Amino acid sequence: MSRLALGGISKRFGEQVAVRDFNLTVEDGELVSFLGPSGCGKTTTLRITAGFESPDMGSIVLDGVDVTDLPPNRRGMGMVFQGYALFPNMTAAENVDFGLSVRKRPAAERKARIAELLELFGLAHVAGSYPHQMSGGQQQRVALARAVAIQPGVLLLDEPLSAVDAKVREELRTEIRRMQVQMGITTILVTHDQSEALSISDRVVVMNRGAIEEVGTPAQIYAEPRSAFTARFIGAMNEIPVRIVSAAHGLVERGERRVTVAGATGLADGELALLLVRPESLEPLGPTSGTLNGDLTMAGQVEVQTFLGATTRLLVREVPTRAGDPTALPPTQRFAVDIPSANAGRWPTGSNLSVKIPVGVSRLIADRSAPGGVLSSSATSGGKAKPYA
Amino acid sequence: MSGTSITGEATEETLPAVVAGAEARRSARKRPGRGPRMPVWAAVTLLMAAVYFLLPLYGTAVFGFSTGKHFTLQPLFDGLADEGFQASLQLSLTYSIVTTILALLVVAPTAYLVELRFPRLRTAIEFVTILPFVIPPIILAVGLETVFGINSPINLIASSWAPVLLIGGYFVLTLPFVFRAIDNALRAVDVRMLSEASASLGAGPVRTFLRVIVPSISLGLVSAALLAFTTAMGEFTLAALLGYATFPVYLLNVNGYEPRMGEGLVLVSFVITWAGVIALAAVARKAPGTLAFSRGALM
């Protein structure tokens, strides 16, 4: 029931800049996720908001009141921790009661509220259990109930689902969202799990190296990422080399084809750049390269089929149209194409596939921003970091 | 929502059962149809230890509870009726209880603050607390005597401040045990996270310490209290050299002129100490919440 404004927050730990000029307003009843790789400053920002760290610069304003210098116990923010942080010597009901007893609420009111919350989170049957007697999912529900019991102005969730197993995680995140909407609690969720952030947030703040990379709705972040970092961090992404023919006209070249794309400004003529395309945006054409005009294509041989449920991902080794093409994928890299699983039989392992690269939904970035090998990590054996959605 | 919690419970509940089952099968294979058998070397060691520890007790009992020919409890009754015994026991009990309370009151909050706010001070604090191991009590006694003794301008021994001097000494001697017991307990729980959770729910530092931290480390506090109490109760060097008539000092004196009575009282003190240890341990087990928690922590 509150509006939270973080203004120009900065924080260093020694030489390390943890948070850099962080500006964000979280509207009343909104759920905003901080998403980024580990060490991007998302947790530090949350801890500064909660009052567990003090910012070197900047302010935290809650409903028009500057709370920057208030100790955490006087900020009225509920927090849920990664490791539950339940009080081991108290039962589930006593844990939920803790914040209420601190506030010296009348006994009858407390009792009613505890019962209501335990009911809401499906915990009535474990009310008298101690934390070590409960499953991980139950413990995290108790932690949630305890945090919302005090009717916090802002609810802070620090990777609340990373300690529970996969099935419970998915269920619990829907539950968090349902509860959050129902109660209208302004909420910040810190997570490194993009599917978590995209699935339940009103807005997502993508963070990188202590700074906000971009802020947007989940749909915007996924479909129209404004920064190359976001484009690569969210979902799976193909990075296809092209050569800039004329930056002024947005003309790029790949193999024997030339097309006009947006976003070439700032790049130099003759330079190699990368076209970022999602696997589901690549359109299969048929067994051989078509003679389509106005679009780029690439062709190759299917090496691996990965069944993902509704879709199947094909990892394809490119067969360049001519030898020595500088815009061909390096031999160690594969490109990924997502097709409906019903059609997967048409492109078995070893078959030839050519795809259309729809430039309208692609994004151009300079090749120099690519650190070493481009798509290799994601499109080959899925070895390294790139997370597939 | 209940669907998952049921699944979750089922997995966690079946696990110990499976483990227990495997355990049972394994042991059944090892010794079919027979009870557990102790290896010979273990039995011999146990027997030797038992002889080593129990024989002196037996000797004490035989000597203390006989006239030389017949069994009698008379020396014991004489001892219990002795004014010196009552006074010295009372003195020792009082000093030991005060030392224990003081040690807990000083060390528990200190160890908590070091763990939470000043982790860098940890090494220094640890060093200070083990000093009594490095500096023998006799050095401490001589030092205290020099600074606060009857020949010093700050003569505490002859003043009404006398208890402070000995209790202060006891406090120092118990530090290594008390700090270690409490510090271990603190490190077994996530002090930082619990404190932050408590603060986020609106509790100030004092309430957090008393309502969240203290109950979470109750077992450590009990063992710290036991160690402090028994250390102070049994301390001899400091009390004797500074001239306090504590129970151990009295026992030694009495052994000089009335050995049978002394031996009877030794047995009494032995029983008292063990009764105290068992009582405190029992209290810790029955304290609400701690029972369940201690099981969880021990498993």
# chains A, B, ... in the order shown; residues from 1 in each chain; ligands from 1
call {"tool": "interface_residues", "arguments": {"of": "chain A", "to": "chain B", "cutoff": "9 Å", "atoms": "only C-alpha atoms", "output": "count of residues only"}}
result
49
call {"tool": "select_by_dssp", "arguments": {"residues": "segment 50-228 of chain A", "states": "helix (DSSP H, G or I)", "output": "JSON, numbers by chain"}}
result
{"A": [50, 72, 73, 74, 92, 93, 94, 95, 96, 97, 98, 99, 100, 101, 102, 107, 108, 109, 110, 111, 112, 113, 114, 115, 116, 117, 118, 119, 120, 124, 125, 126, 131, 132, 133, 136, 137, 138, 139, 140, 141, 142, 143, 144, 145, 146, 147, 148, 149, 166, 167, 168, 169, 170, 171, 172, 173, 174, 175, 176, 177, 178, 179, 180, 181, 182, 183, 194, 195, 196, 197, 198, 199, 200, 218, 219, 220, 221, 222, 223, 228]}
call {"tool": "residues_around", "arguments": {"residues": "segment 20-26 of chain A", "least_positions_apart": "4", "cutoff": "7 Å", "atoms": "only C-alpha atoms", "output": "tab-separated table (two decimals) with C-alpha atoms, in the first residue's frame"}}
result
chain	number	residue	atom	x	y	z
A	3	ARG	CA	5.03	3.84	-3.23
A	4	LEU	CA	8.76	3.35	-3.02
A	5	ALA	CA	11.28	5.66	-4.64
A	6	LEU	CA	14.95	4.74	-4.84
A	7	GLY	CA	16.94	7.78	-5.90
A	8	GLY	CA	20.55	7.71	-7.05
A	9	ILE	CA	21.59	4.80	-4.84
A	10	SER	CA	25.29	4.03	-4.97
A	11	LYS	CA	27.34	1.64	-2.88
A	30	GLU	CA	3.34	-3.20	-8.15
A	32	VAL	CA	9.03	-5.35	-9.65
A	210	GLY	CA	25.80	-2.65	-10.40
A	211	ALA	CA	23.77	-0.56	-12.84
A	212	ILE	CA	20.29	-0.77	-14.31
call {"tool": "select_by_dssp", "arguments": {"residues": "segment 62-189 of chain A", "states": "strand (DSSP E or B)", "output": "PyMOL selection string"}}
result
chain A and resi 62+65-66+77-80+154-158+186-189
call {"tool": "write_last_selection", "arguments": {"atoms": "C-alpha atoms", "output": "tab-separated table (two decimals), in the first residue's frame"}}
result
chain	number	residue	atom	x	y	z
A	62	LEU	CA	8.62	5.49	1.17
A	65	VAL	CA	8.98	9.97	3.75
A	66	ASP	CA	12.75	9.69	3.54
A	77	MET	CA	9.23	-3.50	5.25
A	78	GLY	CA	8.64	-7.25	5.30
A	79	MET	CA	11.45	-9.41	4.05
A	80	VAL	CA	11.70	-13.01	2.93
A	154	VAL	CA	6.85	-2.93	0.95
A	155	LEU	CA	7.54	-6.65	0.69
A	156	LEU	CA	11.13	-7.56	-0.17
A	157	LEU	CA	11.81	-11.04	-1.52
A	158	ASP	CA	15.46	-12.05	-1.73
A	186	THR	CA	4.14	-3.26	-3.23
A	187	THR	CA	6.80	-5.93	-3.81
A	188	ILE	CA	10.39	-6.21	-4.94
A	189	LEU	CA	11.60	-9.64	-6.01
call {"tool": "residues_around", "arguments": {"residues": "Pro55 of chain A", "least_positions_apart": "2", "cutoff": "10 Å", "atoms": "only C-alpha atoms", "output": "PyMOL selection string"}}
result
chain A and resi 8-12+19+44-45+47-49+51-53+57-60+68-69
call {"tool": "write_last_selection", "arguments": {"atoms": "N, CA and C atoms", "output": "CSV table (one decimal), in the first residue's frame"}}
result
chain,number,residue,atom,x,y,z
A,8,GLY,N,19.1,7.6,-6.9
A,8,GLY,CA,20.5,7.7,-7.0
A,8,GLY,C,21.3,6.9,-6.1
A,9,ILE,N,20.9,5.6,-5.8
A,9,ILE,CA,21.6,4.8,-4.8
A,9,ILE,C,22.9,4.3,-5.4
A,10,SER,N,24.0,4.5,-4.6
A,10,SER,CA,25.3,4.0,-5.0
A,10,SER,C,25.9,3.4,-3.7
A,11,LYS,N,26.7,2.3,-4.0
A,11,LYS,CA,27.3,1.6,-2.9
A,11,LYS,C,28.6,1.0,-3.4
A,12,ARG,N,29.7,1.2,-2.6
A,12,ARG,CA,30.9,0.5,-2.9
A,12,ARG,C,31.3,-0.4,-1.7
A,19,VAL,N,26.7,-1.0,-6.4
A,19,VAL,CA,25.5,-0.4,-7.0
A,19,VAL,C,25.9,1.0,-7.5
A,44,THR,N,22.3,-6.4,-3.2
A,44,THR,CA,22.8,-5.2,-2.4
A,44,THR,C,21.8,-4.1,-2.4
A,45,THR,N,21.2,-3.9,-3.6
A,45,THR,CA,20.1,-2.8,-3.7
A,45,THR,C,19.0,-3.2,-2.8
A,47,ARG,N,19.1,-5.0,-0.1
A,47,ARG,CA,19.5,-4.9,1.3
A,47,ARG,C,19.6,-3.4,1.7
A,48,ILE,N,19.9,-2.6,0.8
A,48,ILE,CA,20.0,-1.2,1.1
A,48,ILE,C,18.5,-0.7,1.3
A,49,THR,N,17.6,-1.2,0.5
A,49,THR,CA,16.2,-0.8,0.6
A,49,THR,C,15.7,-1.2,2.0
A,51,GLY,N,17.4,-1.7,4.6
A,51,GLY,CA,18.2,-1.0,5.7
A,51,GLY,C,19.3,-1.8,6.3
A,52,PHE,N,19.6,-3.0,5.7
A,52,PHE,CA,20.7,-3.8,6.2
A,52,PHE,C,22.1,-3.3,5.8
A,53,GLU,N,22.1,-2.5,4.7
A,53,GLU,CA,23.3,-1.8,4.3
A,53,GLU,C,22.9,-0.4,4.1
A,57,MET,N,25.5,6.9,-1.4
A,57,MET,CA,24.8,8.0,-1.9
A,57,MET,C,23.4,7.6,-2.2
A,58,GLY,N,22.5,8.6,-2.3
A,58,GLY,CA,21.1,8.3,-2.7
A,58,GLY,C,20.2,8.2,-1.5
A,59,SER,N,18.9,8.1,-1.9
A,59,SER,CA,17.9,8.1,-0.9
A,59,SER,C,16.8,7.0,-1.1
A,60,ILE,N,16.2,6.6,0.0
A,60,ILE,CA,15.1,5.7,-0.1
A,60,ILE,C,13.8,6.4,0.4
A,68,THR,N,15.9,6.8,4.5
A,68,THR,CA,17.3,6.4,4.3
A,68,THR,C,18.1,6.1,5.6
A,69,ASP,N,17.8,6.9,6.6
A,69,ASP,CA,18.6,6.8,7.8
A,69,ASP,C,17.9,6.0,8.9
call {"tool": "atom_distance", "arguments": {"atom1": "atom CA of Leu242 of chain B", "atom2": "atom CA of Val266 of chain B"}}
result
22.3 Å
call {"tool": "closest_residue", "arguments": {"among": "A:Glu27, A:Asp338, A:Asp63, A:Glu256", "to": "Ala236 of chain A", "atoms": "only C-alpha atoms"}}
result
A:Asp338
